[in-house]
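Okay, so here's the structure we're looking at.
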Amino acid sequence: MIDIIDATKVYDNGVKGINGLSLFIEQGEFVFIVGSSGSGKSTLVRLLLREIEATEGSIIVDGQDLSALKRRDMPYYRRKLGVVFQDFRLLRNKTVFENVAFAMQIVEATHREIRRTVPQVLNLVGLSRKARSYPDQLSGGEQQRTALARAIVNSPPLLIADEPTGNLDPGTAWEIMTLLEDINDRGTTVVVATHAKEIVDNMQKRVVALRNGVIMSDEEMGGYNDEI
């Protein structure tokens with residue numbers, strides 16, 4: 001699913017976001033990317049989203065070499081991705097239903113497909129009764145559930161979550177992580193960049209720890225090492 005080979009990203013100020021990083025993630029895995037601020041987590045996420053390009057090395061996602069990706073192909077590549085951010089990024093003037101439907105409209109789904117699929121996804125994330133609500137009428141957890149529904153409504157093979165619990169209380173954070181685990185159980189590859197030590201320690205998934213843009217450890221059933 002993801003094959004990163006000797007990838008380095010050097011920013012214009014000379015800082016290396018990642019440095020000679022190699023990482024392979026199989027289809028269907030659930031992987032935490034952890035590390036302190038400046039460790040390279042955000043750089044790695046942005047590279048996978050193709051918001052930035054690697055200076056050296058190669059990054060292949062679902063068979064697509066991102067260095068060979070042309071601008072006109074970007075929308076097609078991003079259709080393969082579900083993305084969840086810490087700050088939700090919902091459209092404030094649209095209801096929950098409309099926010100999720102918008103992701104389907106972008107890929108030119110039919111009205112019939114939208115009417116059938118969106119209620120199913122809202123039911124999956126426990127928001128069936130909030131379909132007509134607007135973001136400012138929702139709790140933080142409900143907003144993140146909406147963002148999660150939007151991310152998975154097109155059945156992407158890969159879901160990337162960047163600090164998805166950063167703005168949530170502990171109980172709500174666990175609910176979101178349980179949903180991510182359920183989505184993974186359905187076959188979606190899930191990559192979560194996070195600082196949430198308790199969640200990482202308790203979920204016992206594969207943990208890739210970064211420091212200064214380098215992988216310091218990669219454990220199949222790992223925890224959050226405070227020394228990394």
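Chains: A, B, ... in order of the structure tokens. Residues: from 1 per chain. Ligands: from 1, in order shown.
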(request) Find the residues around A:Ile183 up to 12 Å (only C-alpha atoms counted), leave out those fewer than 5 positions away in its own chain, and share them as a list in words. (result) Gly28, Glu29, Phe30, Gly82, Val121, Leu124, Val125, Leu148, Ala149, Ala151, Ile152, Val153, Ser155, Pro156, Pro157, Leu158, Leu159, Ile160, Ile176, Met177, Thr178, Thr188, Thr189, Val190 and Val191 of chain A
Enumerate, in order of chain and increasing residue number, the residues of stretch 49-126 of chain A with an atom no farther than 10 Å from stretch 141-146 of chain A, each with its shortest atom pair and distance in Å to one decimal, counting only C-alpha atoms, as a Markdown table.
```
| residue | atom | partner | partner_atom | distance |
| --- | --- | --- | --- | --- |
| A:Val84 | CA | A:Gln144 | CA | 8.0 |
| A:Phe85 | CA | A:Gln144 | CA | 8.4 |
| A:Gln86 | CA | A:Gln144 | CA | 8.2 |
| A:Asp87 | CA | A:Gln144 | CA | 8.3 |
| A:Phe88 | CA | A:Gln144 | CA | 5.7 |
| A:Arg89 | CA | A:Gln143 | CA | 9.0 |
| A:Leu90 | CA | A:Gln143 | CA | 7.6 |
| A:Thr95 | CA | A:Thr146 | CA | 9.7 |
| A:Val96 | CA | A:Thr146 | CA | 6.3 |
| A:Phe97 | CA | A:Thr146 | CA | 8.6 |
| A:Asn99 | CA | A:Thr146 | CA | 7.6 |
| A:Val100 | CA | A:Thr146 | CA | 7.1 |
| A:Val121 | CA | A:Thr146 | CA | 9.5 |
| A:Leu122 | CA | A:Thr146 | CA | 7.7 |
| A:Leu124 | CA | A:Arg145 | CA | 9.6 |
| A:Val125 | CA | A:Arg145 | CA | 6.0 |
| A:Gly126 | CA | A:Arg145 | CA | 7.9 |
```
(message) Which of stretch 9-198 of chain A end up as strand (DSSP E or B) when DSSP is run on this backbone - answer as a PyMOL selection string?
(response) chain A and resi 9-10+16-25+30-34+56-61+64-65+81-85+158-162+189-194
With N, CA and C atoms retained, write the just-selected residues as a short mmCIF file (atom, residue, chain, number, x, y, z; two decimals), in the first residue's frame.
```cif
data_model
loop_
_atom_site.label_atom_id
_atom_site.label_comp_id
_atom_site.auth_asym_id
_atom_site.auth_seq_id
_atom_site.Cartn_x
_atom_site.Cartn_y
_atom_site.Cartn_z
N LYS A 9 13.27 14.98 2.76
CA LYS A 9 12.66 16.25 2.42
C LYS A 9 13.44 17.37 3.06
N VAL A 10 14.02 18.23 2.22
CA VAL A 10 14.75 19.40 2.70
C VAL A 10 13.93 20.64 2.36
N LYS A 16 15.77 19.55 7.45
CA LYS A 16 15.34 18.27 6.91
C LYS A 16 14.12 17.77 7.68
N GLY A 17 12.99 17.69 7.00
CA GLY A 17 11.78 17.18 7.64
C GLY A 17 11.87 15.69 7.90
N ILE A 18 12.32 14.95 6.89
CA ILE A 18 12.68 13.55 7.06
C ILE A 18 14.02 13.34 6.38
N ASN A 19 14.74 12.31 6.81
CA ASN A 19 16.12 12.15 6.35
C ASN A 19 16.42 10.69 6.05
N GLY A 20 16.37 10.32 4.76
CA GLY A 20 16.68 8.96 4.36
C GLY A 20 15.73 7.93 4.91
N LEU A 21 14.46 8.28 4.99
CA LEU A 21 13.47 7.42 5.63
C LEU A 21 12.95 6.35 4.67
N SER A 22 12.90 5.12 5.16
CA SER A 22 12.31 4.00 4.41
C SER A 22 11.25 3.33 5.28
N LEU A 23 10.08 3.10 4.69
CA LEU A 23 8.96 2.54 5.46
C LEU A 23 8.02 1.82 4.50
N PHE A 24 7.63 0.60 4.89
CA PHE A 24 6.66 -0.17 4.10
C PHE A 24 5.44 -0.48 4.96
N ILE A 25 4.27 -0.13 4.45
CA ILE A 25 3.01 -0.41 5.15
C ILE A 25 2.13 -1.23 4.22
N PHE A 30 -2.89 -1.14 10.41
CA PHE A 30 -3.18 0.03 11.24
C PHE A 30 -1.85 0.44 11.86
N VAL A 31 -1.39 1.65 11.55
CA VAL A 31 -0.05 2.07 11.97
C VAL A 31 -0.12 3.45 12.64
N PHE A 32 0.47 3.54 13.82
CA PHE A 32 0.66 4.83 14.47
C PHE A 32 2.03 5.39 14.09
N ILE A 33 2.06 6.68 13.76
CA ILE A 33 3.31 7.40 13.56
C ILE A 33 3.44 8.36 14.74
N VAL A 34 4.47 8.17 15.56
CA VAL A 34 4.61 8.96 16.78
C VAL A 34 5.97 9.66 16.81
N GLU A 56 14.58 13.83 -2.22
CA GLU A 56 15.26 12.64 -2.72
C GLU A 56 14.43 11.41 -2.34
N GLY A 57 14.72 10.30 -3.03
CA GLY A 57 14.04 9.05 -2.74
C GLY A 57 12.70 8.95 -3.43
N SER A 58 11.96 7.89 -3.10
CA SER A 58 10.67 7.66 -3.75
C SER A 58 9.60 7.31 -2.72
N ILE A 59 8.38 7.71 -3.07
CA ILE A 59 7.20 7.41 -2.24
C ILE A 59 6.14 6.84 -3.17
N ILE A 60 5.75 5.60 -2.92
CA ILE A 60 4.76 4.92 -3.75
C ILE A 60 3.55 4.59 -2.88
N VAL A 61 2.39 5.02 -3.33
CA VAL A 61 1.14 4.78 -2.59
C VAL A 61 0.15 4.09 -3.52
N GLN A 64 1.14 4.03 -7.05
CA GLN A 64 1.39 5.31 -7.71
C GLN A 64 2.66 5.95 -7.16
N ASP A 65 3.64 6.16 -8.05
CA ASP A 65 4.87 6.85 -7.68
C ASP A 65 4.55 8.35 -7.59
N LEU A 81 -7.65 8.62 -1.07
CA LEU A 81 -7.30 8.92 0.31
C LEU A 81 -8.50 9.44 1.09
N GLY A 82 -8.62 8.97 2.32
CA GLY A 82 -9.50 9.62 3.28
C GLY A 82 -8.59 10.34 4.26
N VAL A 83 -8.93 11.57 4.60
CA VAL A 83 -8.05 12.36 5.45
C VAL A 83 -8.87 12.98 6.59
N VAL A 84 -8.36 12.86 7.81
CA VAL A 84 -8.98 13.45 8.98
C VAL A 84 -7.95 14.31 9.69
N PHE A 85 -8.32 15.56 9.99
CA PHE A 85 -7.40 16.49 10.64
C PHE A 85 -7.85 16.80 12.06
N LEU A 158 -7.07 3.95 1.66
CA LEU A 158 -6.14 4.46 2.66
C LEU A 158 -6.76 5.63 3.41
N LEU A 159 -6.72 5.57 4.75
CA LEU A 159 -7.19 6.67 5.59
C LEU A 159 -6.01 7.20 6.39
N ILE A 160 -5.77 8.51 6.29
CA ILE A 160 -4.70 9.16 7.03
C ILE A 160 -5.32 10.11 8.03
N ALA A 161 -4.98 9.94 9.30
CA ALA A 161 -5.53 10.78 10.37
C ALA A 161 -4.38 11.53 11.04
N ASP A 162 -4.41 12.86 10.97
CA ASP A 162 -3.34 13.69 11.53
C ASP A 162 -3.82 14.29 12.85
N THR A 189 -6.66 0.58 5.04
CA THR A 189 -5.38 0.85 5.68
C THR A 189 -5.48 2.17 6.44
N VAL A 190 -5.07 2.18 7.71
CA VAL A 190 -5.20 3.37 8.55
C VAL A 190 -3.82 3.77 9.06
N VAL A 191 -3.47 5.04 8.84
CA VAL A 191 -2.22 5.60 9.34
C VAL A 191 -2.58 6.80 10.21
N VAL A 192 -2.17 6.77 11.48
CA VAL A 192 -2.52 7.82 12.43
C VAL A 192 -1.25 8.45 12.99
N ALA A 193 -1.09 9.75 12.74
CA ALA A 193 -0.01 10.52 13.36
C ALA A 193 -0.55 11.12 14.64
N THR A 194 0.12 10.88 15.77
CA THR A 194 -0.46 11.31 17.04
C THR A 194 0.59 11.51 18.13
#
```
(message) So that I can see what lies close to stretch 114-116 of chain A, please list as a count of residues only the residues with an atom at most 12 Å from it, counting only C-alpha atoms and leaving out residues fewer than 5 positions away in the same chain.
(response) 20
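With only C-alpha atoms as the basis for measurement, A:Ala209 is the residue among A:Ala209, A:Gly222, A:Val200, A:Thr172 that approaches A:Gly40 most closely.
Counting from atom CA of A:Ser36, the distance to atom CA of A:Tyr77 is 29.3 Å.
Proximity ranking of A:Thr8, A:Ser217, A:Asn93, A:Ser128 relative to A:Ala54 places A:Thr8 first, based on only C-alpha atoms.
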(request) To one decimal in Å, tell me the separation between atom CA of A:Glu198 and atom CA of A:Ala173. (result) 10.5 Å
(message) I need the residue nearest A:Asp185 from this list: A:Gln27, A:Gly35, A:Asp218, A:Leu91. Use only C-alpha atoms for the distance.
(response) A:Gln27
(message) What does the structure give for the distance between atom CA of A:Glu53 and atom CA of A:Ala68, in Å to one decimal?
(response) 10.2 Å
(request) Going by DSSP on the backbone, which bits of stretch 22-121 of chain A are helix (DSSP H, G or I)? Write them as a PyMOL selection string, please. (result) chain A and resi 41-48+66-68+71-78+96-106+111-121
